[in-house]
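Chemist: My structure is stored as data24.txt, with compact mmCIF, C-alpha atoms.
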```txt
# COMPACT_ATOMS: atom_id res chain seq x y z
CA MET B 989 -14.51 3.62 -16.55
CA PHE B 990 -13.82 5.57 -19.74
CA GLY B 991 -10.36 3.99 -19.62
CA ARG B 992 -10.83 4.29 -15.84
CA TYR B 993 -11.65 7.93 -16.51
CA ARG B 994 -8.61 8.30 -18.73
CA GLN B 995 -6.82 7.67 -15.45
CA VAL B 996 -8.83 10.72 -14.37
CA THR B 997 -5.97 13.00 -15.40
CA GLY B 998 -6.84 13.56 -19.06
CA VAL B 999 -7.87 17.01 -20.25
CA LEU B 1000 -11.68 17.14 -20.31
CA GLY B 1001 -11.77 18.93 -23.64
CA GLN B 1002 -9.76 16.19 -25.31
CA ALA B 1003 -11.85 13.52 -23.62
CA ALA B 1004 -15.08 15.14 -24.77
CA ARG B 1005 -13.92 15.13 -28.37
CA SER B 1006 -13.04 11.45 -28.14
CA PHE B 1007 -16.49 10.57 -26.73
CA SER B 1008 -18.34 11.39 -29.94
CA ALA B 1009 -16.12 9.06 -31.95
CA ALA B 1010 -16.47 6.29 -29.38
CA ALA B 1011 -20.24 6.69 -29.27
CA ALA B 1012 -20.49 6.08 -33.00
CA GLU B 1013 -19.07 2.59 -32.46
CA THR B 1014 -21.47 1.49 -29.68
CA PRO B 1015 -25.20 0.68 -29.62
CA GLU B 1016 -27.68 3.28 -28.49
CA ARG B 1017 -28.30 3.00 -24.76
CA LYS B 1018 -30.74 4.85 -22.52
CA VAL B 1019 -29.73 5.28 -18.89
CA ALA B 1020 -31.91 6.68 -16.11
CA VAL B 1021 -30.64 8.17 -12.87
CA MET B 1022 -33.31 7.99 -10.15
CA GLY B 1023 -32.63 10.68 -7.56
CA ALA B 1024 -30.70 12.86 -9.98
CA ALA B 1025 -31.09 16.09 -7.99
CA GLY B 1026 -29.56 14.69 -4.80
CA GLY B 1027 -26.05 14.84 -3.41
CA ILE B 1028 -24.95 11.68 -5.18
CA GLY B 1029 -27.33 12.06 -8.11
CA GLN B 1030 -26.06 15.37 -9.46
CA THR B 1031 -22.43 14.30 -9.71
CA LEU B 1032 -23.44 10.85 -10.96
CA SER B 1033 -25.58 12.46 -13.67
CA LEU B 1034 -22.60 14.52 -14.85
CA LEU B 1035 -20.35 11.46 -14.93
CA MET B 1036 -22.92 9.48 -16.92
CA LYS B 1037 -23.23 12.40 -19.34
CA MET B 1038 -19.49 11.98 -19.93
CA SER B 1039 -19.77 8.26 -20.72
CA PRO B 1040 -19.35 7.30 -24.38
CA SER B 1041 -21.69 4.36 -23.73
CA VAL B 1042 -24.72 6.56 -22.99
CA THR B 1043 -26.90 7.82 -25.85
CA LYS B 1044 -29.89 9.07 -23.85
CA LEU B 1045 -29.67 10.19 -20.23
CA SER B 1046 -32.95 10.41 -18.33
CA LEU B 1047 -32.80 12.28 -15.02
CA TYR B 1048 -35.57 11.83 -12.44
CA ASP B 1049 -36.27 13.21 -8.98
CA ILE B 1050 -39.21 14.55 -7.01
CA VAL B 1051 -37.84 18.13 -7.15
CA ASN B 1052 -35.31 20.26 -9.05
CA THR B 1053 -34.63 17.83 -11.90
CA PRO B 1054 -35.26 20.34 -14.73
CA GLY B 1055 -32.38 22.46 -13.48
CA VAL B 1056 -29.99 19.52 -13.18
CA ALA B 1057 -30.99 18.32 -16.63
CA ALA B 1058 -30.49 21.77 -18.17
CA ASP B 1059 -27.08 22.05 -16.54
CA CYS B 1060 -25.95 18.61 -17.71
CA SER B 1061 -27.32 19.17 -21.20
CA HIS B 1062 -24.78 21.94 -21.80
CA VAL B 1063 -21.86 19.51 -21.50
CA ASN B 1064 -20.51 18.88 -25.00
CA THR B 1065 -20.80 15.10 -25.09
CA GLY B 1066 -23.12 12.95 -27.17
CA ALA B 1067 -25.75 11.86 -24.63
CA GLN B 1068 -29.09 13.63 -25.00
CA VAL B 1069 -30.47 14.68 -21.59
CA THR B 1070 -34.08 14.83 -20.44
CA GLY B 1071 -35.35 15.89 -17.02
CA HIS B 1072 -38.40 14.43 -15.29
CA VAL B 1073 -39.89 15.62 -12.00
CA GLY B 1074 -42.51 14.03 -9.76
CA PRO B 1075 -44.43 10.74 -9.82
CA GLU B 1076 -46.53 11.77 -12.81
CA GLN B 1077 -43.38 11.86 -14.97
CA LEU B 1078 -41.82 8.64 -13.67
CA ASP B 1079 -43.13 6.50 -16.53
CA ASP B 1080 -41.61 8.80 -19.16
CA ALA B 1081 -38.31 8.81 -17.30
CA LEU B 1082 -38.09 5.02 -17.28
CA LYS B 1083 -39.64 4.07 -20.59
CA ASP B 1084 -37.36 1.78 -22.63
CA CYS B 1085 -34.30 2.22 -20.40
CA ASP B 1086 -31.38 -0.18 -20.71
CA VAL B 1087 -29.84 0.67 -17.33
CA VAL B 1088 -31.51 2.25 -14.29
CA VAL B 1089 -29.20 3.66 -11.62
CA ILE B 1090 -30.89 4.26 -8.25
CA PRO B 1091 -29.16 6.58 -5.75
CA ALA B 1092 -32.52 7.97 -4.55
CA GLY B 1093 -33.37 8.36 -0.88
CA VAL B 1094 -31.76 10.01 2.11
CA PRO B 1095 -28.08 9.62 3.05
CA ARG B 1096 -26.97 8.39 6.43
CA LYS B 1097 -26.64 11.18 8.99
CA PRO B 1098 -24.95 11.30 12.41
CA GLY B 1099 -26.91 9.30 14.94
CA MET B 1100 -29.01 7.60 12.29
CA THR B 1101 -29.36 3.84 12.70
CA ARG B 1102 -29.77 1.41 9.83
CA ASP B 1103 -33.38 1.00 10.95
CA ASP B 1104 -33.91 4.76 10.56
CA LEU B 1105 -32.40 4.67 7.09
CA PHE B 1106 -34.42 1.61 6.12
CA ALA B 1107 -37.70 3.18 7.24
CA ILE B 1108 -37.26 6.06 4.81
CA ASN B 1109 -35.51 4.50 1.84
CA ALA B 1110 -37.34 1.16 1.61
CA GLY B 1111 -40.56 2.75 0.37
CA ILE B 1112 -38.73 5.05 -2.03
CA VAL B 1113 -36.87 2.14 -3.60
CA ALA B 1114 -39.99 -0.04 -3.84
CA GLY B 1115 -41.87 2.69 -5.68
CA LEU B 1116 -39.09 3.29 -8.17
CA VAL B 1117 -38.62 -0.42 -8.86
CA GLU B 1118 -42.36 -0.76 -9.51
CA GLY B 1119 -41.84 1.89 -12.18
CA VAL B 1120 -39.03 -0.18 -13.67
CA ALA B 1121 -41.24 -3.28 -13.70
CA LYS B 1122 -43.93 -1.42 -15.65
CA ASN B 1123 -41.81 0.60 -18.08
CA CYS B 1124 -38.49 -1.19 -18.66
CA PRO B 1125 -38.73 -4.69 -17.18
CA ASN B 1126 -35.65 -5.89 -19.07
CA ALA B 1127 -33.41 -3.09 -17.79
CA ILE B 1128 -30.36 -3.63 -15.63
CA ILE B 1129 -30.87 -2.09 -12.18
CA THR B 1130 -27.83 -0.83 -10.28
CA MET B 1131 -28.85 -0.13 -6.68
CA ILE B 1132 -26.99 2.53 -4.71
CA SER B 1133 -29.72 3.50 -2.22
CA ASN B 1134 -28.85 2.36 1.28
CA PRO B 1135 -29.08 0.03 3.08
CA VAL B 1136 -28.03 -1.93 -0.04
CA ASN B 1137 -28.06 -5.20 1.92
CA SER B 1138 -31.85 -4.72 2.19
CA THR B 1139 -32.77 -2.58 -0.81
CA VAL B 1140 -31.57 -5.18 -3.32
CA PRO B 1141 -33.83 -7.88 -1.79
CA ILE B 1142 -36.65 -5.30 -1.78
CA ALA B 1143 -36.13 -4.72 -5.50
CA ALA B 1144 -36.07 -8.47 -6.16
CA GLU B 1145 -39.36 -9.03 -4.32
CA VAL B 1146 -41.08 -6.12 -6.08
CA LEU B 1147 -39.99 -7.43 -9.47
CA LYS B 1148 -41.22 -10.91 -8.52
CA LYS B 1149 -44.64 -9.46 -7.66
CA HIS B 1150 -44.81 -8.09 -11.19
CA GLY B 1151 -43.54 -11.33 -12.75
CA VAL B 1152 -40.46 -9.72 -14.29
CA TYR B 1153 -37.62 -10.61 -11.91
CA ASN B 1154 -34.39 -11.56 -13.65
CA PRO B 1155 -31.60 -12.17 -11.11
CA LYS B 1156 -29.01 -11.59 -13.81
CA LYS B 1157 -30.03 -7.95 -14.08
CA LEU B 1158 -30.23 -6.76 -10.46
CA PHE B 1159 -27.04 -5.44 -8.86
CA GLY B 1160 -26.17 -3.84 -5.56
CA VAL B 1161 -23.37 -1.34 -6.09
CA THR B 1162 -20.52 -2.17 -3.70
CA THR B 1163 -17.92 -0.52 -5.91
CA LEU B 1164 -17.18 2.21 -3.36
CA ASP B 1165 -15.88 -0.45 -0.97
CA VAL B 1166 -13.51 -1.63 -3.71
CA VAL B 1167 -12.47 1.94 -4.53
CA ARG B 1168 -11.68 2.58 -0.87
CA ALA B 1169 -9.84 -0.71 -0.39
CA LYS B 1170 -7.66 -0.03 -3.44
CA THR B 1171 -6.90 3.51 -2.29
CA PHE B 1172 -6.04 2.61 1.30
CA TYR B 1173 -3.99 -0.44 0.29
CA ALA B 1174 -2.01 1.50 -2.31
CA GLU B 1175 -1.34 4.41 0.06
CA LYS B 1176 -0.18 2.14 2.87
CA ASN B 1177 2.17 0.12 0.67
CA GLY B 1178 3.52 2.87 -1.59
CA LEU B 1179 1.91 1.42 -4.73
CA ASP B 1180 0.49 3.06 -7.83
CA VAL B 1181 -3.26 2.94 -7.17
CA ASN B 1182 -3.93 2.58 -10.90
CA THR B 1183 -2.20 -0.82 -10.88
CA VAL B 1184 -3.89 -2.14 -7.72
CA ASP B 1185 -6.80 -4.54 -7.44
CA VAL B 1186 -8.49 -5.62 -4.20
CA PRO B 1187 -11.60 -7.83 -4.27
CA VAL B 1188 -14.21 -6.92 -1.66
CA VAL B 1189 -16.90 -9.46 -0.78
CA GLY B 1190 -19.93 -9.78 1.49
CA GLY B 1191 -22.33 -6.88 1.69
CA HIS B 1192 -22.26 -3.09 1.85
CA ALA B 1193 -22.43 -2.11 5.52
CA GLY B 1194 -20.04 -2.33 8.44
CA ILE B 1195 -18.74 -5.81 9.18
CA THR B 1196 -20.46 -7.24 6.11
CA ILE B 1197 -17.78 -5.48 4.03
CA LEU B 1198 -14.78 -7.79 3.69
CA PRO B 1199 -11.76 -6.70 1.62
CA LEU B 1200 -9.67 -9.70 0.65
CA PHE B 1201 -6.23 -8.16 0.98
CA SER B 1202 -4.69 -11.64 0.74
CA GLN B 1203 -5.82 -11.64 -2.91
CA ALA B 1204 -4.73 -8.07 -3.67
CA THR B 1205 -2.49 -7.45 -6.66
CA PRO B 1206 0.28 -6.57 -6.64
CA TYR B 1207 0.66 -8.42 -3.35
CA ALA B 1208 2.24 -6.65 -0.39
CA ALA B 1209 2.87 -8.41 2.91
CA MET B 1210 1.32 -6.61 5.89
CA SER B 1211 1.38 -7.22 9.61
CA ASP B 1212 -1.76 -8.45 11.34
CA GLU B 1213 -2.18 -5.01 12.93
CA VAL B 1214 -1.97 -3.18 9.61
CA LEU B 1215 -4.28 -5.69 7.93
CA ASP B 1216 -6.89 -5.28 10.65
CA ALA B 1217 -6.62 -1.49 10.53
CA LEU B 1218 -7.05 -1.37 6.74
CA THR B 1219 -10.01 -3.74 6.94
CA LYS B 1220 -11.75 -1.63 9.57
CA ARG B 1221 -11.01 1.59 7.69
CA THR B 1222 -12.60 0.12 4.57
CA GLN B 1223 -15.63 -0.97 6.58
CA ASP B 1224 -15.95 2.43 8.26
CA GLY B 1225 -15.14 4.58 5.23
CA GLY B 1226 -18.60 6.13 5.14
CA THR B 1227 -18.42 7.11 8.80
CA GLU B 1228 -14.99 8.64 8.21
CA VAL B 1229 -16.46 10.97 5.58
CA VAL B 1230 -19.54 11.86 7.65
CA LYS B 1231 -17.27 12.86 10.56
CA ALA B 1232 -14.94 14.82 8.28
CA LYS B 1233 -17.93 16.76 6.95
CA ALA B 1234 -18.97 17.48 10.55
CA GLY B 1235 -22.31 15.81 10.07
CA LYS B 1236 -23.26 18.10 7.17
CA GLY B 1237 -22.87 15.52 4.42
CA SER B 1238 -21.96 11.96 3.51
CA ALA B 1239 -19.82 10.26 0.88
CA THR B 1240 -21.50 11.80 -2.14
CA LEU B 1241 -18.57 12.45 -4.48
CA SER B 1242 -16.79 9.11 -4.05
CA MET B 1243 -20.14 7.28 -4.18
CA ALA B 1244 -21.09 9.04 -7.40
CA TYR B 1245 -17.71 8.10 -8.88
CA ALA B 1246 -18.10 4.47 -7.81
CA GLY B 1247 -21.70 4.35 -9.04
CA ALA B 1248 -20.66 5.68 -12.42
CA LEU B 1249 -17.82 3.16 -12.63
CA PHE B 1250 -20.21 0.29 -12.09
CA ALA B 1251 -22.91 1.64 -14.43
CA ASP B 1252 -20.33 2.03 -17.16
CA ALA B 1253 -19.10 -1.51 -16.55
CA ALA B 1254 -22.67 -2.79 -16.90
CA LEU B 1255 -23.03 -0.89 -20.17
CA ARG B 1256 -19.78 -2.28 -21.52
CA GLY B 1257 -20.96 -5.75 -20.64
CA LEU B 1258 -24.26 -5.14 -22.42
CA ASN B 1259 -22.34 -3.97 -25.46
CA GLY B 1260 -20.35 -7.20 -25.63
CA VAL B 1261 -17.03 -5.99 -24.27
CA GLN B 1262 -15.13 -9.03 -23.06
CA ASP B 1263 -13.85 -9.75 -19.54
CA VAL B 1264 -15.75 -7.05 -17.66
CA VAL B 1265 -15.47 -8.18 -14.04
CA GLU B 1266 -16.63 -6.23 -10.98
CA CYS B 1267 -17.45 -7.01 -7.37
CA THR B 1268 -21.19 -6.55 -6.85
CA TYR B 1269 -24.01 -7.67 -4.53
CA VAL B 1270 -26.29 -10.09 -6.37
CA GLU B 1271 -28.46 -13.16 -5.91
CA SER B 1272 -25.84 -15.80 -5.30
CA ASN B 1273 -25.14 -19.31 -4.06
CA VAL B 1274 -21.51 -18.59 -3.22
CA THR B 1275 -22.42 -18.69 0.51
CA GLU B 1276 -25.46 -19.71 2.53
CA VAL B 1277 -27.11 -16.28 2.21
CA PRO B 1278 -29.23 -15.61 -0.92
CA PHE B 1279 -27.55 -12.28 -1.75
CA PHE B 1280 -23.81 -11.77 -1.58
CA SER B 1281 -21.12 -9.64 -3.17
CA SER B 1282 -18.23 -11.29 -4.99
CA LYS B 1283 -16.53 -10.95 -8.34
CA VAL B 1284 -19.05 -11.13 -11.19
CA LYS B 1285 -18.48 -11.22 -14.94
CA LEU B 1286 -20.83 -8.88 -16.81
CA GLY B 1287 -22.16 -9.61 -20.29
CA PRO B 1288 -24.93 -8.88 -22.80
CA ASP B 1289 -27.54 -10.47 -20.50
CA GLY B 1290 -26.25 -8.94 -17.28
CA ILE B 1291 -24.50 -11.53 -15.12
CA SER B 1292 -22.63 -14.09 -17.18
CA GLU B 1293 -20.69 -15.71 -14.34
CA ILE B 1294 -20.45 -15.42 -10.55
CA TYR B 1295 -17.04 -16.28 -9.16
CA GLY B 1296 -16.31 -18.01 -5.88
CA LEU B 1297 -14.28 -16.56 -3.03
CA GLY B 1298 -11.00 -18.34 -3.70
CA ASP B 1299 -8.60 -19.21 -0.89
CA LEU B 1300 -9.20 -17.23 2.31
CA THR B 1301 -6.90 -16.66 5.26
CA ASP B 1302 -8.01 -17.56 8.78
CA TYR B 1303 -8.66 -13.86 9.43
CA GLU B 1304 -10.91 -13.64 6.36
CA GLU B 1305 -12.70 -16.89 7.21
CA GLN B 1306 -13.52 -15.59 10.67
CA ALA B 1307 -14.72 -12.25 9.28
CA LEU B 1308 -16.90 -14.07 6.75
CA LYS B 1309 -18.50 -16.12 9.50
CA ALA B 1310 -19.00 -13.07 11.72
CA MET B 1311 -20.90 -11.11 9.04
CA MET B 1312 -23.49 -13.78 8.33
CA PRO B 1313 -26.05 -13.04 11.08
CA GLU B 1314 -26.19 -9.35 10.18
CA LEU B 1315 -26.32 -9.98 6.45
CA THR B 1316 -29.04 -12.60 6.86
CA ALA B 1317 -31.15 -10.26 9.01
CA SER B 1318 -30.81 -7.39 6.52
CA ILE B 1319 -31.90 -9.60 3.62
CA GLU B 1320 -34.87 -10.98 5.55
CA LYS B 1321 -35.90 -7.46 6.54
CA GLY B 1322 -36.06 -6.42 2.88
CA VAL B 1323 -38.09 -9.47 1.91
CA GLU B 1324 -40.55 -8.95 4.77
CA PHE B 1325 -41.02 -5.29 3.87
CA VAL B 1326 -42.37 -6.18 0.45
CA LYS B 1327 -44.54 -8.98 1.81
CA ASN B 1328 -46.21 -6.45 4.11
CA MET B 1329 -46.70 -3.74 1.48
```
Can you turn what I pasted into structure tokens?
Modeler:
Amino acid sequence: MFGRYRQVTGVLGQAARSFSAAAAETPERKVAVMGAAGGIGQTLSLLMKMSPSVTKLSLYDIVNTPGVAADCSHVNTGAQVTGHVGPEQLDDALKDCDVVVIPAGVPRKPGMTRDDLFAINAGIVAGLVEGVAKNCPNAIITMISNPVNSTVPIAAEVLKKHGVYNPKKLFGVTTLDVVRAKTFYAEKNGLDVNTVDVPVVGGHAGITILPLFSQATPYAAMSDEVLDALTKRTQDGGTEVVKAKAGKGSATLSMAYAGALFADAALRGLNGVQDVVECTYVESNVTEVPFFSSKVKLGPDGISEIYGLGDLTDYEEQALKAMMPELTASIEKGVEFVKNM
């Protein structure tokens, strides 16, 4: 993102000056952040304000959005920021958007089950996606709100109800799993994280997260014990952060970073940049479940190609099989929620 954030080490002043020149070469794009005043949303809004691909940045939440918008608007980059608060301003927030990023809802807290999380966030997501259907039905949706394994099917069913579902434009953001897998793999093997790639497939919760370390580049041989430990750490990365924050927060900063990476990738694809490939949770026939995360090529129409899994080790094959019941149940739960609305 932004040259992978200029490797994140560039001086912000220099980067800001380069954004205006870059923006002049790209089409105008309006991006909305739904849940912009939340723990993920505020940082994500700032990162999207820094993107040279964003012309208009629309920030929406049920409270406190004017303050976040005012704060972001002072950043000296090209995107023009507007703030929208409450359901009565949702239509204005979404009107004519090209990309809608949805981190809205509550984060996972200690002791909270997936059912608890679903009960709160399912309705929030459904309401926001109805707004997308009415105001920007051709927009790309990047879904961050958890549980992603269910919220993406919820979004698909809502869009179907409104007759505007396009499977090429609905994405579950699993980028944080990739970010974690790259970081942990590079640290363990003494590699430069900026040169590392690790595909992560499946879903975006617990055992449905499957990093394919056998396909990592550059390849580093690891013992079975190390491989299993890195896999489990990637799967439990969110819990690791919740514990480290002593139950007073979740993975907001890394999730905002990952969400911004994926949104920027979607924008670059829309703008015709070639060979934009990311792992993401989409409608898929790669496996027997209707939604699955694998490598996807992004283009002007959203998804341009969904890639298969490649050669898997026995360990990965077993993990893939083990995730299927949970992933299937999560998808069905999302579909049933909309049917019963």
Chemist: Quick one: pull the distance between atom CA of B:His1062 and atom CA of B:Asp1079, Å, one decimal.
Modeler: 24.6 Å
Chemist: List the spatial neighbours of B:Gly1023 as an MDAnalysis selection string - criterion: any atom at most 6 Å away, all atoms listed in the file, same-chain residues fewer than 5 positions off excluded.
Modeler: chainID B and resid 1029 1048:1049 1091:1092
Chemist: Take atom CA of B:Thr1070 and atom CA of B:Ser1046 and report the distance between them in Å, one decimal.
Modeler: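 Going from atom CA of B:Thr1070 over to atom CA of B:Ser1046 covers 5.0 Å.
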Chemist: Which one of B:Gly1190, B:Pro1125, B:Gly1247, B:Pro1278 sits closest to B:Leu1035 if you count only C-alpha atoms?
Modeler: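 Nearest candidate to B:Leu1035 out of B:Gly1190, B:Pro1125, B:Gly1247, B:Pro1278: B:Gly1247.
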Chemist: With distances taken over only C-alpha atoms, which of B:Val1270, B:Asn1154, B:Phe1325, B:Thr1301 is nearest to B:Leu1215?
Modeler: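 Closest to B:Leu1215 of all the choices is B:Thr1301.
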Chemist: Pick out the closest residue to B:Tyr1295 from this set: B:Ile1050, B:Ala1209, B:Val1229, B:Val1274. Count all atoms listed in the file.
Modeler: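 When distances to B:Tyr1295 are compared using all atoms listed in the file, the smallest one comes from B:Val1274.
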Chemist: Quick one: everything within 10 Å of B:Arg1221, counting only C-alpha atoms, minus sequence neighbours fewer than 5 positions away in the same chain. Send it as a PyMOL selection string.
Modeler: chain B and resi 1168-1169+1172+1194+1215-1216+1226-1228
Chemist: Can you list, as a PyMOL selection string, every protein, DNA or RNA residue that comes within 8 Å of B:Val1323 when you count all atoms listed in the file, leaving out same-chain residues fewer than 6 positions away?
Modeler: chain B and resi 1138+1141-1142+1145
Chemist: Taking all atoms listed in the file into account, which of B:Asp1103, B:Pro1040, B:Leu1255, B:Asn1182 comes nearest B:Thr1130?
Modeler: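 Residue with the minimum atom-to-atom distance to B:Thr1130: B:Leu1255.
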Chemist: Residues at most 10 Å from B:Asn1177, counting all atoms listed in the file, excluding those fewer than 4 positions away in the same chain, as a ChimeraX atom specification?
Modeler: /B:1172-1173,1181,1207-1210
Chemist: Kindly export the residues of the current selection with C-alpha atoms, as a tab-separated table (two decimals), keeping the file's coordinate frame.
Modeler:
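Result file again17.tsv:
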```
chain	number	residue	atom	x	y	z
B	1172	PHE	CA	-6.04	2.61	1.30
B	1173	TYR	CA	-3.99	-0.44	0.29
B	1181	VAL	CA	-3.26	2.94	-7.17
B	1207	TYR	CA	0.66	-8.42	-3.35
B	1208	ALA	CA	2.24	-6.65	-0.39
B	1209	ALA	CA	2.87	-8.41	2.91
B	1210	MET	CA	1.32	-6.61	5.89
```
Chemist: May I have the protein, DNA and RNA residues with an atom at most 10 Å from (-15.8, 7.1, -9.5), counting all atoms listed in the file in the file's coordinates, returned as a ChimeraX atom specification?
Modeler: /B:989,992-993,996,1031-1032,1035,1163-1164,1167,1241-1250
Chemist: Distance atom CA of B:Val1019-atom CA of B:Met1036, one decimal place?
Modeler: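 For atom CA of B:Val1019 relative to atom CA of B:Met1036, the distance reads 8.2 Å.
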Chemist: Skipping near chain neighbours, those fewer than 5 positions away, what residues fall within 12 Å of B:Glu1305 using only C-alpha atoms, listed as a PyMOL selection string?
Modeler: chain B and resi 1189-1190+1198-1200+1202+1275+1297-1300+1310-1312
Chemist: Could you write out that same residue set with C-alpha atoms as a compact mmCIF listing (two decimals), in the coordinates of the input?
Modeler:
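As a result, selection-v3.txt now contains:
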```txt
# COMPACT_ATOMS: atom_id res chain seq x y z
CA VAL B 1189 -16.90 -9.46 -0.78
CA GLY B 1190 -19.93 -9.78 1.49
CA LEU B 1198 -14.78 -7.79 3.69
CA PRO B 1199 -11.76 -6.70 1.62
CA LEU B 1200 -9.67 -9.70 0.65
CA SER B 1202 -4.69 -11.64 0.74
CA THR B 1275 -22.42 -18.69 0.51
CA LEU B 1297 -14.28 -16.56 -3.03
CA GLY B 1298 -11.00 -18.34 -3.70
CA ASP B 1299 -8.60 -19.21 -0.89
CA LEU B 1300 -9.20 -17.23 2.31
CA ALA B 1310 -19.00 -13.07 11.72
CA MET B 1311 -20.90 -11.11 9.04
CA MET B 1312 -23.49 -13.78 8.33
```
